[in-house]
file query-v7.cif (mmCIF, C-alpha atoms)
data_target
#
loop_
_atom_site.label_atom_id
_atom_site.label_comp_id
_atom_site.auth_asym_id
_atom_site.auth_seq_id
_atom_site.Cartn_x
_atom_site.Cartn_y
_atom_site.Cartn_z
CA MET W 1 140.06 159.09 151.81
CA LYS W 2 137.77 160.39 154.53
CA ILE W 3 140.59 162.30 156.09
CA ALA W 4 141.57 163.76 152.71
CA SER W 5 137.97 164.59 152.00
CA GLY W 6 137.59 166.32 155.35
CA THR W 7 140.76 168.20 154.73
CA ASP W 8 139.64 169.39 151.29
CA LEU W 9 136.32 170.48 152.73
CA SER W 10 138.05 172.50 155.46
CA LYS W 11 140.34 174.11 152.93
CA LEU W 12 137.47 175.07 150.70
CA GLU W 13 135.53 176.37 153.67
CA ALA W 14 138.47 178.55 154.72
CA VAL W 15 138.91 179.90 151.18
CA ARG W 16 135.19 180.54 150.86
CA TYR W 17 135.12 182.22 154.26
CA VAL W 18 137.98 184.54 153.34
CA TRP W 19 136.42 185.26 149.96
CA ASP W 20 133.00 186.04 151.45
CA LEU W 21 134.65 188.28 154.03
CA ALA W 22 136.52 190.10 151.27
CA GLN W 23 133.22 190.77 149.51
CA LYS W 24 131.50 191.78 152.75
CA VAL W 25 134.10 194.33 153.88
CA ASN W 26 135.06 195.26 150.31
CA SER W 27 138.71 194.34 150.86
CA PRO W 28 140.91 193.88 147.76
CA ALA W 29 143.67 192.53 150.02
CA LEU W 30 141.43 189.73 151.37
CA ALA W 31 140.22 188.92 147.86
CA GLN W 32 143.82 188.60 146.75
CA LEU W 33 144.56 186.42 149.80
CA ALA W 34 141.61 184.14 148.94
CA ARG W 35 142.96 183.74 145.39
CA ARG W 36 146.44 182.94 146.67
CA MET W 37 145.02 180.44 149.19
CA SER W 38 143.09 178.75 146.38
CA ALA W 39 146.18 178.70 144.14
CA VAL W 40 148.36 177.28 146.93
CA MET W 41 145.88 174.51 147.72
CA SER W 42 145.45 173.68 144.04
CA SER W 43 149.19 173.50 143.43
CA GLY W 44 149.69 171.54 146.68
CA SER W 45 147.06 169.00 145.81
CA ALA W 46 148.54 168.53 142.35
CA SER W 47 152.07 168.03 143.68
CA GLY W 48 151.00 165.99 146.68
CA GLN W 49 152.47 168.55 149.09
CA ASP W 50 150.85 169.68 152.38
CA PRO W 51 149.17 173.05 151.62
CA PHE W 52 148.08 173.73 155.21
CA GLY W 53 151.33 175.20 156.45
CA LYS W 54 151.63 177.55 153.52
CA VAL W 55 147.97 178.62 153.71
CA LYS W 56 148.24 179.24 157.44
CA GLY W 57 151.43 181.17 156.75
CA LEU W 58 149.62 183.34 154.22
CA ILE W 59 146.84 184.05 156.73
CA SER W 60 149.31 184.66 159.58
CA ASP W 61 151.33 187.03 157.40
CA MET W 62 148.14 188.87 156.52
CA ILE W 63 147.19 189.08 160.20
CA THR W 64 150.66 190.41 161.07
CA ARG W 65 150.47 192.98 158.29
CA LEU W 66 147.00 194.14 159.32
CA GLU W 67 148.04 194.41 162.98
CA SER W 68 151.11 196.38 161.93
CA GLU W 69 148.91 198.66 159.82
CA ALA W 70 146.51 199.01 162.76
CA ASP W 71 149.37 200.05 165.04
CA ALA W 72 150.68 202.53 162.47
CA ASP W 73 147.18 203.87 161.82
CA ALA W 74 146.51 204.22 165.56
CA THR W 75 149.82 206.04 165.97
CA HIS W 76 148.93 208.34 163.07
CA LYS W 77 145.46 208.90 164.54
CA ALA W 78 146.96 209.82 167.93
CA TYR W 79 149.39 212.17 166.15
CA CYS W 80 146.53 213.76 164.19
CA ASP W 81 144.35 214.17 167.27
CA LYS W 82 147.21 215.75 169.22
CA GLU W 83 148.39 218.02 166.44
CA LEU W 84 144.88 219.10 165.43
CA SER W 85 143.96 219.84 169.03
CA GLU W 86 147.14 221.81 169.74
CA THR W 87 147.04 223.63 166.40
CA ASN W 88 143.39 224.61 166.87
CA VAL W 89 144.26 225.95 170.32
CA LYS W 90 147.11 227.96 168.76
CA LYS W 91 144.77 229.21 166.06
CA ASP W 92 142.20 230.32 168.64
CA ASP W 93 144.91 231.94 170.78
CA LYS W 94 146.41 233.84 167.83
CA SER W 95 142.96 234.87 166.58
CA ALA W 96 142.02 236.11 170.05
CA GLU W 97 145.34 237.98 170.30
CA ILE W 98 144.71 239.64 166.92
CA ASP W 99 141.17 240.59 167.97
CA LYS W 100 142.52 242.06 171.21
CA LEU W 101 145.24 244.02 169.38
CA THR W 102 142.73 245.21 166.77
CA THR W 103 140.35 246.42 169.47
CA SER W 104 143.23 248.19 171.23
CA ILE W 105 144.42 249.77 167.97
CA ASP W 106 140.91 250.95 167.10
CA GLU W 107 140.40 252.43 170.57
CA MET W 108 143.80 254.17 170.58
CA SER W 109 143.29 255.47 167.03
CA ALA W 110 139.86 256.82 167.93
CA ARG W 111 141.24 258.45 171.08
CA SER W 112 144.15 259.98 169.15
CA ALA W 113 141.79 261.33 166.47
CA LYS W 114 139.56 262.83 169.17
CA LEU W 115 142.56 264.45 170.87
CA LYS W 116 143.76 265.93 167.56
CA GLU W 117 140.28 267.31 166.98
CA GLU W 118 140.29 268.85 170.46
CA VAL W 119 143.77 270.30 169.89
CA ALA W 120 142.57 271.88 166.64
CA GLU W 121 139.59 273.40 168.48
CA LEU W 122 141.88 274.67 171.25
CA GLN W 123 144.24 276.23 168.72
CA ASN W 124 141.33 277.95 167.02
CA ALA W 125 140.14 279.20 170.40
CA LEU W 126 143.67 280.46 171.17
CA ALA W 127 143.80 282.26 167.83
CA GLU W 128 140.42 283.87 168.52
CA LEU W 129 141.55 284.77 172.05
CA ALA W 130 144.73 286.36 170.72
CA SER W 131 142.74 288.28 168.11
CA SER W 132 140.23 289.42 170.75
CA GLN W 133 143.02 290.48 173.11
CA ALA W 134 144.76 292.38 170.34
CA GLU W 135 141.55 294.18 169.41
CA MET W 136 140.83 294.94 173.06
CA THR W 137 144.38 296.27 173.55
CA LYS W 138 144.01 298.45 170.48
CA LEU W 139 140.71 299.91 171.72
CA ARG W 140 142.18 300.41 175.19
CA GLY W 141 145.07 302.28 173.68
CA GLU W 142 142.73 304.51 171.69
CA GLU W 143 140.53 305.11 174.75
CA LYS W 144 143.53 305.98 176.88
CA ALA W 145 144.97 308.32 174.24
CA ALA W 146 141.62 310.08 173.99
CA PHE W 147 141.43 310.34 177.77
CA VAL W 148 144.92 311.76 178.05
CA LYS W 149 144.11 314.36 175.42
CA ASN W 150 140.73 315.21 176.97
CA LYS W 151 142.25 315.31 180.41
CA ALA W 152 144.88 317.78 179.28
CA ASP W 153 142.26 319.94 177.57
CA MET W 154 139.97 319.79 180.62
CA GLN W 155 142.80 320.63 183.00
CA GLN W 156 143.89 323.52 180.83
CA GLY W 157 140.31 324.79 180.61
CA LEU W 158 139.79 324.50 184.36
CA GLU W 159 143.02 326.30 185.06
CA GLY W 160 141.93 329.11 182.70
CA ILE W 161 138.49 329.37 184.32
CA LYS W 162 139.99 329.33 187.82
CA LEU W 163 142.45 332.02 186.85
CA GLY W 164 139.68 334.16 185.34
CA LEU W 165 137.56 333.75 188.44
CA LYS W 166 140.48 334.70 190.65
CA ILE W 167 141.14 337.87 188.68
CA LEU W 168 137.50 338.87 188.63
CA ARG W 169 137.00 338.19 192.29
CA GLU W 170 140.08 340.12 193.23
CA TYR W 171 139.01 343.00 191.01
CA TYR W 172 135.51 343.25 192.34
CA ALA W 173 136.69 342.82 195.90
CA LYS W 174 138.59 346.20 195.80
CA ASP W 175 137.11 349.20 197.59
CA ASP W 176 138.22 351.75 195.02
CA LYS W 177 136.50 350.27 191.97
CA ALA W 178 136.38 352.74 189.14
CA HIS W 179 133.08 351.63 187.74
CA GLU W 180 130.55 350.80 190.43
CA ALA W 181 127.76 350.56 187.87
CA ALA W 182 129.44 347.43 186.27
CA GLU W 183 129.41 345.48 189.54
CA GLY W 184 126.16 343.69 188.70
CA ALA W 185 127.47 342.56 185.34
CA GLY W 186 130.67 341.33 186.96
CA SER W 187 128.71 339.26 189.41
CA GLY W 188 126.85 337.64 186.52
CA ILE W 189 130.08 336.81 184.70
CA ILE W 190 131.57 335.32 187.86
CA GLY W 191 128.44 333.25 188.42
CA LEU W 192 128.56 332.00 184.83
CA LEU W 193 132.23 331.08 185.15
CA GLU W 194 131.50 329.27 188.38
CA VAL W 195 128.83 327.17 186.58
CA VAL W 196 131.31 326.42 183.77
CA GLU W 197 133.93 325.48 186.35
CA SER W 198 131.46 323.13 188.06
CA ASP W 199 130.53 321.51 184.72
CA PHE W 200 134.19 321.12 183.78
CA THR W 201 134.99 319.62 187.18
CA LYS W 202 132.06 317.22 186.93
CA THR W 203 132.95 316.21 183.37
CA PHE W 204 136.60 315.77 184.36
CA ALA W 205 135.56 313.48 187.23
CA GLU W 206 133.30 311.50 184.89
CA ILE W 207 135.94 310.92 182.20
CA THR W 208 138.45 310.05 184.92
CA THR W 209 136.04 307.52 186.42
CA THR W 210 135.27 306.15 182.97
CA GLU W 211 138.99 305.82 182.26
CA ASP W 212 139.62 304.14 185.58
CA ASN W 213 136.75 301.70 184.98
CA SER W 214 137.92 300.98 181.44
CA ALA W 215 141.47 300.42 182.64
CA ARG W 216 140.23 298.14 185.42
CA LEU W 217 138.00 296.12 183.07
CA TYR W 218 140.83 295.87 180.57
CA ASP W 219 143.18 294.58 183.25
CA GLU W 220 140.59 292.09 184.48
CA GLU W 221 139.81 290.79 180.99
CA THR W 222 143.49 290.68 180.12
CA LYS W 223 144.22 288.61 183.21
CA ALA W 224 141.24 286.31 182.46
CA ASN W 225 142.45 285.94 178.88
CA ALA W 226 145.95 285.17 180.12
CA ILE W 227 144.56 282.45 182.40
CA GLN W 228 142.50 281.01 179.54
CA LYS W 229 145.49 281.18 177.24
CA ALA W 230 147.73 279.39 179.73
CA SER W 231 145.08 276.74 180.39
CA LYS W 232 144.40 276.13 176.71
CA GLU W 233 148.10 276.04 175.86
CA GLN W 234 148.62 273.50 178.65
CA ASP W 235 145.73 271.43 177.28
CA VAL W 236 147.26 271.61 173.81
CA LYS W 237 150.59 270.47 175.23
CA TYR W 238 149.14 267.52 177.15
CA LYS W 239 146.70 266.44 174.43
CA THR W 240 149.38 266.68 171.75
CA LYS W 241 151.75 264.62 173.90
CA GLU W 242 149.06 262.01 174.60
CA SER W 243 148.09 261.86 170.93
CA THR W 244 151.73 261.43 169.91
CA ASN W 245 152.19 258.63 172.44
CA LEU W 246 148.99 256.97 171.25
CA ASP W 247 150.14 257.14 167.64
CA LYS W 248 153.42 255.53 168.69
CA SER W 249 151.52 252.81 170.57
CA VAL W 250 149.28 252.26 167.55
CA GLY W 251 152.37 251.77 165.40
CA GLU W 252 153.86 249.30 167.86
CA ALA W 253 150.56 247.43 168.26
CA SER W 254 150.13 247.33 164.48
CA SER W 255 153.61 245.85 164.16
CA ASP W 256 152.77 243.31 166.85
CA ARG W 257 149.55 242.46 165.06
CA SER W 258 151.41 241.93 161.80
CA GLY W 259 153.76 239.55 163.59
CA VAL W 260 150.89 237.65 165.19
CA GLN W 261 149.07 237.57 161.83
CA ALA W 262 152.15 236.02 160.23
CA GLU W 263 152.17 233.41 163.01
CA LEU W 264 148.44 232.79 162.52
CA ASP W 265 148.95 232.40 158.76
CA ALA W 266 151.62 229.78 159.43
CA VAL W 267 149.31 228.00 161.90
CA LEU W 268 146.43 228.07 159.39
CA GLU W 269 148.68 226.71 156.64
CA TYR W 270 149.84 223.89 158.94
CA LEU W 271 146.24 223.25 160.02
CA ALA W 272 145.17 222.97 156.37
CA SER W 273 147.90 220.39 155.71
CA LEU W 274 146.88 218.48 158.85
CA ARG W 275 143.25 218.41 157.76
CA LYS W 276 144.25 216.96 154.40
CA GLN W 277 146.01 214.03 156.02
CA CYS W 278 143.79 213.76 159.11
CA ASP W 279 140.32 214.71 157.86
CA PRO W 280 137.87 212.62 159.95
CA ALA W 281 135.12 213.34 157.41
CA ALA W 282 137.04 211.67 154.55
CA PRO W 283 135.33 208.63 152.94
CA ASP W 284 138.11 206.35 154.23
CA SER W 285 138.15 207.72 157.76
CA TYR W 286 140.10 206.23 160.65
CA ALA W 287 136.90 204.86 162.21
CA GLU W 288 135.95 203.16 158.94
CA ARG W 289 139.44 201.75 158.44
CA LYS W 290 139.50 200.48 162.02
CA ARG W 291 136.09 198.84 161.66
CA ARG W 292 137.06 197.16 158.37
CA ARG W 293 140.48 196.09 159.67
CA GLU W 294 138.95 194.58 162.84
CA ALA W 295 136.49 192.68 160.66
CA GLU W 296 139.35 191.47 158.47
CA LEU W 297 141.41 190.37 161.49
CA ALA W 298 138.44 188.61 163.06
CA GLY W 299 137.72 186.83 159.76
CA LEU W 300 141.33 185.77 159.27
CA LYS W 301 141.53 184.40 162.78
CA GLU W 302 138.29 182.52 162.18
CA ALA W 303 139.78 181.12 158.96
CA LEU W 304 142.75 179.87 161.01
CA ASN W 305 140.34 178.23 163.42
CA ILE W 306 138.60 176.55 160.49
CA LEU W 307 141.92 175.22 159.20
CA GLU W 308 143.30 174.16 162.59
CA PRO W 309 141.25 170.88 163.01
CA SER W 310 142.12 169.83 159.48
CA ALA W 311 145.78 170.42 160.20
CA VAL W 312 145.53 168.10 163.22
CA LEU W 313 143.79 165.43 161.17
CA LEU W 314 146.38 165.78 158.44
CA GLN W 315 149.18 165.38 160.98
CA GLN W 316 147.52 162.20 162.33
CA HIS W 317 147.09 160.90 158.80
CA SER W 318 150.78 161.57 158.05
CA HIS W 319 151.89 159.74 161.20
CA GLY W 320 149.65 156.77 160.24
CA ARG W 321 151.15 156.55 156.80
CA LYS W 322 154.67 156.68 158.23
CA ALA W 323 153.79 153.88 160.68
CA PHE W 324 152.28 151.81 157.85
CA ARG W 325 155.42 152.26 155.73
CA GLY W 326 157.55 151.23 158.69
CA PHE W 327 155.37 148.11 159.23
CA ARG W 328 155.78 147.13 155.57
CA LEU W 329 159.57 147.58 155.74
CA HIS W 330 159.85 145.37 158.79
CA HIS W 331 157.68 142.71 157.19
#

call {"tool": "encode", "arguments": {"input": "query-v7.cif", "output": "structure tokens"}}
result
Amino acid sequence: MKIASGTDLSKLEAVRYVWDLAQKVNSPALAQLARRMSAVMSSGSASGQDPFGKVKGLISDMITRLESEADADATHKAYCDKELSETNVKKDDKSAEIDKLTTSIDEMSARSAKLKEEVAELQNALAELASSQAEMTKLRGEEKAAFVKNKADMQQGLEGIKLGLKILREYYAKDDKAHEAAEGAGSGIIGLLEVVESDFTKTFAEITTTEDNSARLYDEETKANAIQKASKEQDVKYKTKESTNLDKSVGEASSDRSGVQAELDAVLEYLASLRKQCDPAAPDSYAERKRRREAELAGLKEALNILEPSAVLLQQHSHGRKAFRGFRLHH
């Protein structure tokens, strides 16, 4: 009876230990195990069967299941850590790539817009230059036409004056002049014509110099305008080409950015799904599950330790009863 009593006490202690542990770690599985252990021991006692083996089997099965869950949970945790780390790196890489492309696109777009603005200014300057050159050419043509006309008139007038002077001089140079009394008047006319000739010659020289200067200035300004025109047209050509190339690059970079954005969207979607199944901030986090499972395993192993001495005593009691039955049969 003492052995049986000790055995019952050990069984109750093991059940109570498992039950208390279930309450402590809030484990429905341990609570269910405690109920099953109690049921097994009750049914074993009623039928006279040995409940120890079955109870130990229940605890061992529970330990095996918990260890299997721990391995699976650890594997899942390692998977989550690896996937979250790699996916976050991909997210950062794709985000950085998009930022880089966006900066490049913004810079190229701004540069292209600036070039187009400069091209528009150059084209306006070319239009003004062309208008100025046309106006200058028109004025030059009018000045030259006036000079040609004035030159012809001046030359004709000079020739007339020179001819008149020649006739007068030849006339008054004769020895047999018919009217000696008119010699003084003739000298006055000749002197007057000589003054007119001098004025005409001076004026002719002035308009010729003016024409030469105007022609020279026109040529100089025309050449300067031609140089400006060529320079501005070259600038327009280069700036237009650069702007066109930039616009092409912007299109390509925008396409690249769209592709990277699609990749980032896929990464973010995958990251969201990972966080749902791997969220370390969830109420039932891996750390909490591990702590609870370790407590459960430690408790179950302690329950086995509690049962182990009783199992030895029960085995000794069984051997004693068999020996007693054998003694009675022989006697």

call {"tool": "resolve_selection", "arguments": {"input": "query-v7.cif", "expression": "the PyMOL selection byres ((chain W and resi 243) around 9)", "output": "list in words"}}
result
Met108, Ser109, Arg111, Ser112, Ala113, Lys114, Leu115, Lys116, Tyr238, Lys239, Thr240, Lys241, Glu242, Thr244, Asn245, Leu246, Asp247 and Lys248 of chain W

call {"tool": "write_last_selection", "arguments": {"input": "query-v7.cif", "atoms": "C-alpha atoms", "output": "JSON list (two decimals), in the coordinates of the input"}}
result
[["chain", "number", "residue", "atom", "x", "y", "z"],
["W", 108, "MET", "CA", 143.80, 254.17, 170.58],
["W", 109, "SER", "CA", 143.29, 255.47, 167.03],
["W", 111, "ARG", "CA", 141.24, 258.45, 171.08],
["W", 112, "SER", "CA", 144.15, 259.98, 169.15],
["W", 113, "ALA", "CA", 141.79, 261.33, 166.47],
["W", 114, "LYS", "CA", 139.56, 262.83, 169.17],
["W", 115, "LEU", "CA", 142.56, 264.45, 170.87],
["W", 116, "LYS", "CA", 143.76, 265.93, 167.56],
["W", 238, "TYR", "CA", 149.14, 267.52, 177.15],
["W", 239, "LYS", "CA", 146.70, 266.44, 174.43],
["W", 240, "THR", "CA", 149.38, 266.68, 171.75],
["W", 241, "LYS", "CA", 151.75, 264.62, 173.90],
["W", 242, "GLU", "CA", 149.06, 262.01, 174.60],
["W", 244, "THR", "CA", 151.73, 261.43, 169.91],
["W", 245, "ASN", "CA", 152.19, 258.63, 172.44],
["W", 246, "LEU", "CA", 148.99, 256.97, 171.25],
["W", 247, "ASP", "CA", 150.14, 257.14, 167.64],
["W", 248, "LYS", "CA", 153.42, 255.53, 168.69]]

call {"tool": "residues_around", "arguments": {"input": "query-v7.cif", "residues": "stretch 33-36 of chain W", "least_positions_apart": "5", "cutoff": "7 Å", "atoms": "all atoms listed in the file", "output": "ChimeraX atom specification"}}
result
/W:15,18-19

call {"tool": "atom_distance", "arguments": {"input": "query-v7.cif", "atom1": "atom CA of W:Lys82", "atom2": "atom CA of W:Leu274"}}
result
10.7 Å

call {"tool": "atom_distance", "arguments": {"input": "query-v7.cif", "atom1": "atom CA of W:Ser285", "atom2": "atom CA of W:His76"}}
result
12.0 Å

call {"tool": "axis_aligned_box", "arguments": {"input": "query-v7.cif", "around": "stretch 248-262 of chain W", "padding_each_side": "3 Å", "output": "JSON"}}
result
{"center_x": 151.5, "center_y": 245.8, "center_z": 165.4, "size_x": 10.8, "size_y": 25.5, "size_z": 16.3}

call {"tool": "resolve_selection", "arguments": {"input": "query-v7.cif", "expression": "the PyMOL selection byres ((chain W and resi 289-294) around 9)", "output": "MDAnalysis selection string"}}
result
chainID W and resid 25:27 66:67 69:70 73:74 284:288 295:299

call {"tool": "resolve_selection", "arguments": {"input": "query-v7.cif", "expression": "the PyMOL selection byres ((chain W and resi 88-91) around 10)", "output": "list in words"}}
result
Lys82, Glu83, Leu84, Ser85, Glu86, Thr87, Asp92, Asp93, Lys94, Ser95, Ala96, Glu97, Glu263, Leu264, Asp265, Ala266, Val267, Leu268 and Leu271 of chain W

call {"tool": "residues_around", "arguments": {"input": "query-v7.cif", "residues": "W:Ile167", "least_positions_apart": "4", "cutoff": "12 Å", "atoms": "all atoms listed in the file", "output": "PyMOL selection string"}}
result
chain W and resi 160-163+171-174+186+189-190+193

call {"tool": "atom_distance", "arguments": {"input": "query-v7.cif", "atom1": "atom CA of W:Ile105", "atom2": "atom CA of W:Ser258"}}
result
12.2 Å

call {"tool": "closest_residue", "arguments": {"input": "query-v7.cif", "among": "W:Val196, W:Gln133, W:Tyr17, W:Gly259", "to": "W:Lys223", "atoms": "only C-alpha atoms"}}
result
W:Gln133

call {"tool": "closest_residue", "arguments": {"input": "query-v7.cif", "among": "W:Ala303, W:Val260, W:Ala130, W:Val148", "to": "W:Gln228", "atoms": "all atoms listed in the file"}}
result
W:Ala130

call {"tool": "closest_residue", "arguments": {"input": "query-v7.cif", "among": "W:Gln123, W:Thr75, W:Ser38, W:Ser104", "to": "W:Val236", "atoms": "only C-alpha atoms"}}
result
W:Gln123

call {"tool": "closest_residue", "arguments": {"input": "query-v7.cif", "among": "W:Glu220, W:Ala29, W:Lys237, W:Ala78", "to": "W:Arg65", "atoms": "all atoms listed in the file"}}
result
W:Ala29

call {"tool": "closest_residue", "arguments": {"input": "query-v7.cif", "among": "W:Arg140, W:Arg16, W:Lys77, W:Lys54", "to": "W:Cys278", "atoms": "all atoms listed in the file"}}
result
W:Lys77

call {"tool": "closest_residue", "arguments": {"input": "query-v7.cif", "among": "W:Ile227, W:Leu165, W:Lys149, W:Asp212", "to": "W:Leu192", "atoms": "all atoms listed in the file"}}
result
W:Leu165

call {"tool": "decode", "arguments": {"input": "query-v7.cif", "residues": "stretch 213-236 of chain W", "atoms": "C-alpha atoms", "output": "CSV table (one decimal), in the first residue's frame"}}
result
chain,number,residue,atom,x,y,z
W,213,ASN,CA,33.1,105.9,-95.6
W,214,SER,CA,29.5,104.7,-95.8
W,215,ALA,CA,30.4,101.9,-98.1
W,216,ARG,CA,33.3,100.9,-95.8
W,217,LEU,CA,31.1,101.0,-92.7
W,218,TYR,CA,28.4,99.0,-94.4
W,219,ASP,CA,30.9,96.4,-95.4
W,220,GLU,CA,32.3,96.2,-91.9
W,221,GLU,CA,28.9,96.0,-90.3
W,222,THR,CA,27.8,93.4,-92.9
W,223,LYS,CA,30.8,91.3,-92.2
W,224,ALA,CA,30.3,91.6,-88.4
W,225,ASN,CA,26.6,90.7,-88.8
W,226,ALA,CA,27.6,87.7,-91.0
W,227,ILE,CA,30.0,86.6,-88.2
W,228,GLN,CA,27.3,87.0,-85.6
W,229,LYS,CA,24.8,85.2,-87.8
W,230,ALA,CA,27.1,82.3,-88.3
W,231,SER,CA,28.0,82.1,-84.6
W,232,LYS,CA,24.4,82.2,-83.5
W,233,GLU,CA,23.3,79.7,-86.2
W,234,GLN,CA,26.0,77.4,-85.0
W,235,ASP,CA,24.8,77.9,-81.4
W,236,VAL,CA,21.3,77.1,-82.4
